[in-house]
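Peer 1: My questions will all concern the structure given below.
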Amino acid sequence: MSQYVKKDDDRDEDAEYSPFLGIEKGAVLQEARVFNVPQLDSRRCSQVITKLLYLLNQGETFTKVEATEVFFSVTKLFQSKDIGLRRMVYLIIKELSPSSDEVIIVTSSLMKDMNSKTDVYRANAIRVLCRITDGTLLTQIERYLKQAIVDKNPVVASAALVSGIHLLQTNPEIVRRWSNEVQEAVQSRAALVQFHALALLHQIRQNDRLAVSKLVTSLTRGTVRSPLAQCLLIRYTSQVIRESSANSGERPFYDFLEGCLRHKAEMVILEAARAITELNDVSGRELTPAITVLQLFLSSSKPVLRFAAVRTLNKVAMTHPMAVTNCNIDMESLISDQNRSIATLAITTLLKTGNESGVDRLMKQITNFMSDIADEFKIVVVDAIRSLCLKFPLKYRTLMNFLSNILREEGGFEYKKAIVDSIVILIRDIPDAKESGLLHLCEFIEDCEFTYLSTQILHFLGVEGPKTSDPSKYIRYIYNRVILENATVRASAVSTLAKFGAMVDSLKPRIFVLLRRCLYDNDDEVRDRATLYLNTLGGDGSVVETDKAVKDFLFGSLDIPLVNLETSLKNYEPTEEPFNINNVPREVKSQPLAEKKTAGKKPTALSAPPAAPTSTVDAYERLLSSIPEFSTFGQLFKSSVPVELTEAETEYAVNVVKHIFDKHVVFQYNCTNTIPEQLLENVVVVVDASEAEEFAEVATKPLNALPYDTPGQTFVAFEKPEGVPAIGRFSNVLKFLVKEVDPSTGEAEEDGVEDEYQLEDSEIVAADYMLKVGVSNFKNAWESLGPEFERVDEYGLGPRESLNEAVNAVINLLGMQPCEGTEVVAANSRSHTCLLSGVYIGNTKVLVRLSFGVDSSKEVAMKLAVRSEDESVSDAIHEIVAN
């Protein structure tokens, strides 16, 4: 069992022995017999308890029998007078969480310890009792807890206060009766007692805005001595200021926050500075004192203070860059800081606050810095440089050259992808940068080691390259990929050549020659593409398609997942009826969780996601069509991802998958029995649809038997109005017959007991009626739908934590697929455009363009433009958002 583990990845030679690695539950339970020995060995007992705690914290589960045996054995250790062992006993009792009938066994011992003369016993006994007791026993010991709150020993008082914080979640009416004692504890001279007392008092009053305001008013007069409590008070004060400012525009308690900037404790100063910088509509005059103290911390000898200061200034720079410019000289000195996190934050802050004239000097400093930091820090810098370029578009040459240079240096996939994405965005948003940016990308793919990036660059080159003043200069780079790269990149290069041939008439003869050479490639995909494009463009002498048809074919979007198309083509049997692409499913369905999960390696950043197995693409459809009760429901429109209806590691694990049909909804409940000694029979979920008035239950398919660790499914079907996106909430109760199983024979008893298990509610929401189907070129798809059924309106989304949160909320509400990476919002953006696509129930294609804007008070406004193939669908999307 002598294993050695690395203590630090950077110090392989320093290894230490861990006595816990490789221990087994069975062996430890055998060792636990030491608790029953008449002559207790305190040191040995402590070691065994430590091993038990290790197993529990590593996720090891004990059966009911095992936990009960350990619990009863541990209770015998109360006879020991060893203080260290007694503390271990308290810990193991808390972790085992004994049931109500077992708690009685230790209650008397714990209550005796709670009144002990030994303060350590008293404190720990209070924590354990409050953790394992119920409301009935709590009323019996309430008097002792009140006395403990005002106890002279700070360890005892803190234990009682922390227990009160936990009990407030389960027995709030009892804890609220302790207000007078907690108020007295707030005046304690002990730092931790004052901290815990203030936290508990605020939680007791948190639902009463006036009471919280009075609490803050009384405490801001200088009665709080503990730095920890002072930090809490600053946070509560900030909350009162935000609520007061929202109603009246006033700024009460600002003088208190400013006064805290002169506190002797550094943590209080930082907390106050952070609070001031996060005030709504904070003015330059209000910011000045906070910025001043943060500037002083930038030159501190303590790394934690430098980091806290530069991180706070980095956030301020997003909204008030001019207020931070006075700190730029101090931050420039941090570029060479030994702590790379500090250096990265300093650079990104400088990039946000720097002026146009200082860009060149700043780029020289950053160049030396980039080689010393890890990829995750480099990505942050790249994002900041992209934002700077969009801020100062005239400096695009300097910044584009910088991005091009670091693109050729060593780095991982995510880092290189961040650079490529930044160059692509700059090409799209700065017209003057298009020519040089495309050339930089062309030079990069000559040495690019990542297939994915090469194909993405070639795709982008095919869209933007033909629009430049001299498209011919890119042909050499593209054709070199056909000669020198792997089959995937070669096929992508062939498609890019065809796009140039379709868009630039003068290049057609040259493109035809190059495509004919590709007919002799040794890869089927490359040859097939070359043949297809020659035929489409007319290079083989056949009749040329119309110009519009060619461009639609090459640049239009394929709104069908390739894995579905591949599966349908494999399953197609040649008949007189030709293959109909409209019959291909438009959504990749996830594998039903009824099948047992298998452990697998996480995909690395460099590898493409594995293709879904053919058997799982239409697994749900085959499963439902095989059940007679559901076989007449027609074609399945959509299946949701599984939603968990039980907590982790409970007796029964249940999740639900929602199957949406035109006139029906089927709930598939995937059930797993996690108790080895039980067999469940006649398993069914009873669904209450009283909060879903438009749904009527029409069929139920129970599960005959559910053995241990063998997943099974039970189904409930509802009818709904045809084509209508009805929504509602459904409550679920799992009902079954329990039969005990003999562990030795594995046979179940003949007689069973009826039982039920409450599950979480499930919901049908608007997003359930939308398929996530992407488009490769949103602009072309948008124009092809036309403005006939376009609907545009504006909405106020109210105050939000960030623009990113607002964007994600709308995406989740509509259940549509973000296009072209527009779901990502830059950290300092005040506006953003998001593009979404999908297919609405009834197989109606929908495209959405969202334009967001946020003001200084974090109020978010949104303009929603919808285009679809049906007027009623466009109106339905607006109705979803409006409601």
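Chain identifiers are assigned as A, B, and so on, following the order in which chains appear in the structure tokens; residues are numbered from 1 within each chain, and ligands are numbered from 1 in order of appearance.
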Find the residues of segment 725-826 of chain A that sit at most 12 Å from segment 425-437 of chain A; for each, write down the nearest two atoms and how far apart they are in Å, to one decimal. Count only C-alpha atoms. Sort by chain, then by number going up, and give it as CSV.
Peer 2:
```
residue,atom,partner,partner_atom,distance
A:Glu820,CA,A:Ile425,CA,10.6
A:Gly821,CA,A:Ile425,CA,10.4
A:Thr822,CA,A:Ile425,CA,10.8
A:Ala826,CA,A:Ile425,CA,11.7
```
Peer 1: May I have the residues within 8 Å of Ala806 of chain A as an mmCIF file with N, CA and C atoms, in the first residue's frame, using only C-alpha atoms and disregarding those fewer than 5 positions away in the same chain?
Peer 2:
```
data_model
loop_
_atom_site.group_PDB
_atom_site.id
_atom_site.type_symbol
_atom_site.label_atom_id
_atom_site.label_comp_id
_atom_site.auth_asym_id
_atom_site.auth_seq_id
_atom_site.Cartn_x
_atom_site.Cartn_y
_atom_site.Cartn_z
ATOM 1 N N LEU A 797 -35.798 44.531 -21.118
ATOM 2 C CA LEU A 797 -35.544 43.321 -20.338
ATOM 3 C C LEU A 797 -35.238 43.619 -18.882
ATOM 4 N N ARG A 800 -30.115 43.821 -15.516
ATOM 5 C CA ARG A 800 -29.452 42.516 -15.609
ATOM 6 C C ARG A 800 -28.040 42.632 -15.050
ATOM 7 N N VAL A 860 -31.358 46.682 -19.693
ATOM 8 C CA VAL A 860 -31.109 46.115 -21.023
ATOM 9 C C VAL A 860 -32.336 46.281 -21.910
#
```
Peer 1: Pick out the residues sitting within 10 Å of Ile104 of chain A, and hand them over as a list in words; count only C-alpha atoms, and ignore anything fewer than 5 positions along from it in its own chain.
Peer 2: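 Neighbouring residues, sequence-local ones excluded: Pro98, Ser99, Ser109, Thr133 and Leu137 of chain A.
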Peer 1: Which distance in Å separates atom CA of Leu55 of chain A and atom CA of Gln169 of chain A, to one decimal?
Peer 2: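 Atom-to-atom, atom CA of Leu55 of chain A to atom CA of Gln169 of chain A, that is 27.8 Å.
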Peer 1: Give me the residues within 8 Å of Ala290 of chain A as a VMD selection string, counting only C-alpha atoms and dropping any in the same chain fewer than 5 places off.
Peer 2: chain A and resid 258 261 272 to 274 276 to 277
Peer 1: Next, dump the selected residues to file, keeping only C-alpha atoms, as a PDB file, in the first residue's frame.
Peer 2:
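Final output, saved to again-v4.pdb:
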```pdb
ATOM      1  CA  GLU A 258     -15.480  56.629   1.839  1.00  0.00           C
ATOM      2  CA  LEU A 261     -11.051  53.738   2.753  1.00  0.00           C
ATOM      3  CA  ALA A 272     -14.867  49.620   0.464  1.00  0.00           C
ATOM      4  CA  ALA A 273     -13.036  50.505  -2.757  1.00  0.00           C
ATOM      5  CA  ARG A 274     -14.701  47.631  -4.593  1.00  0.00           C
ATOM      6  CA  ILE A 276     -17.700  52.245  -4.428  1.00  0.00           C
ATOM      7  CA  THR A 277     -16.599  51.192  -7.912  1.00  0.00           C
TER       8      THR A 277
END
```
Peer 1: Please identify all polymer residues within 10 Å of Val103 of chain A, counting only C-alpha atoms, omitting same-chain residues fewer than 2 positions from it, and present them as a PyMOL selection string.
Peer 2: chain A and resi 71+93+97-101+105-108+129+132-134
Peer 1: Determine, counting only C-alpha atoms, which protein, DNA and RNA residues have an atom within 12 Å of an atom of Met318 of chain A; residues of the same chain fewer than 5 positions away are not included. Present the result as a list of chain:residue names.
Peer 2: A:Thr277, A:Glu278, A:Arg311, A:Thr312, A:Leu313, A:Ala323, A:Val324, A:Thr348, A:Thr349, A:Leu350, A:Leu351, A:Lys352, A:Thr353, A:Ala384, A:Ser387, A:Leu388, A:Ser802, A:Ala826, A:Ala827, A:Asn828, A:Ser829, A:Arg830, A:Ser856
Peer 1: Skipping near chain neighbours, those fewer than 4 positions away, what residues fall within 7 Å of Glu763 of chain A using only C-alpha atoms, listed as a count of residues only?
Peer 2: 3
Peer 1: Would you mind reading off the distance between atom CA of Ile811 of chain A and atom CA of Val881 of chain A, one decimal, in Å?
Peer 2: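 We find that atom CA of Ile811 of chain A and atom CA of Val881 of chain A lie 10.5 Å from each other.
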Peer 1: So which one's closest to Asn804 of chain A, A:Gln183, A:Asn673, A:Thr833, A:Asn780? Using only C-alpha atoms, please.
Peer 2: A:Thr833
Peer 1: Could you please write out, as a PyMOL selection string, every residue of segment 262-398 of chain A that DSSP assigns to helix (DSSP H, G or I)?
Peer 2: chain A and resi 266-277+284-297+303-319+321-336+340-353+356-370+375-391+393-398
Peer 1: My list of candidates is A:Cys671, A:Ile269, A:Val685, A:Val773. Which is closest to Asp709 of chain A when distances are computed with only C-alpha atoms?
Peer 2: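 Going through A:Cys671, A:Ile269, A:Val685, A:Val773 one by one, the smallest distance to Asp709 of chain A is for A:Cys671.
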Peer 1: Can you work out the spacing between atom CA of Ala861 of chain A and atom CA of Ser244 of chain A in Å, to one decimal?
Peer 2: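 Distance between the two atoms: 22.8 Å.
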Peer 1: Which is closer to Phe297 of chain A than all the others in A:Met322, A:Met503, A:Val89, A:Met267, using only C-alpha atoms?
Peer 2: A:Met267
Peer 1: Identify which of the residues A:Arg849, A:Lys391, A:His440, A:Arg205 lies closest to Val792 of chain A, counting only C-alpha atoms when measuring atom-to-atom distances.
Peer 2: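 Answer, going by the shortest atom-to-atom distance: A:Arg849.
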Peer 1: Rank A:Leu52, A:Ala27, A:Leu294, A:Ala717 by their smallest atom-to-atom distance to Ile627 of chain A, using only C-alpha atoms, and report the top residue only.
Peer 2: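 Using only C-alpha atoms, the shortest distance to Ile627 of chain A belongs to A:Ala717.
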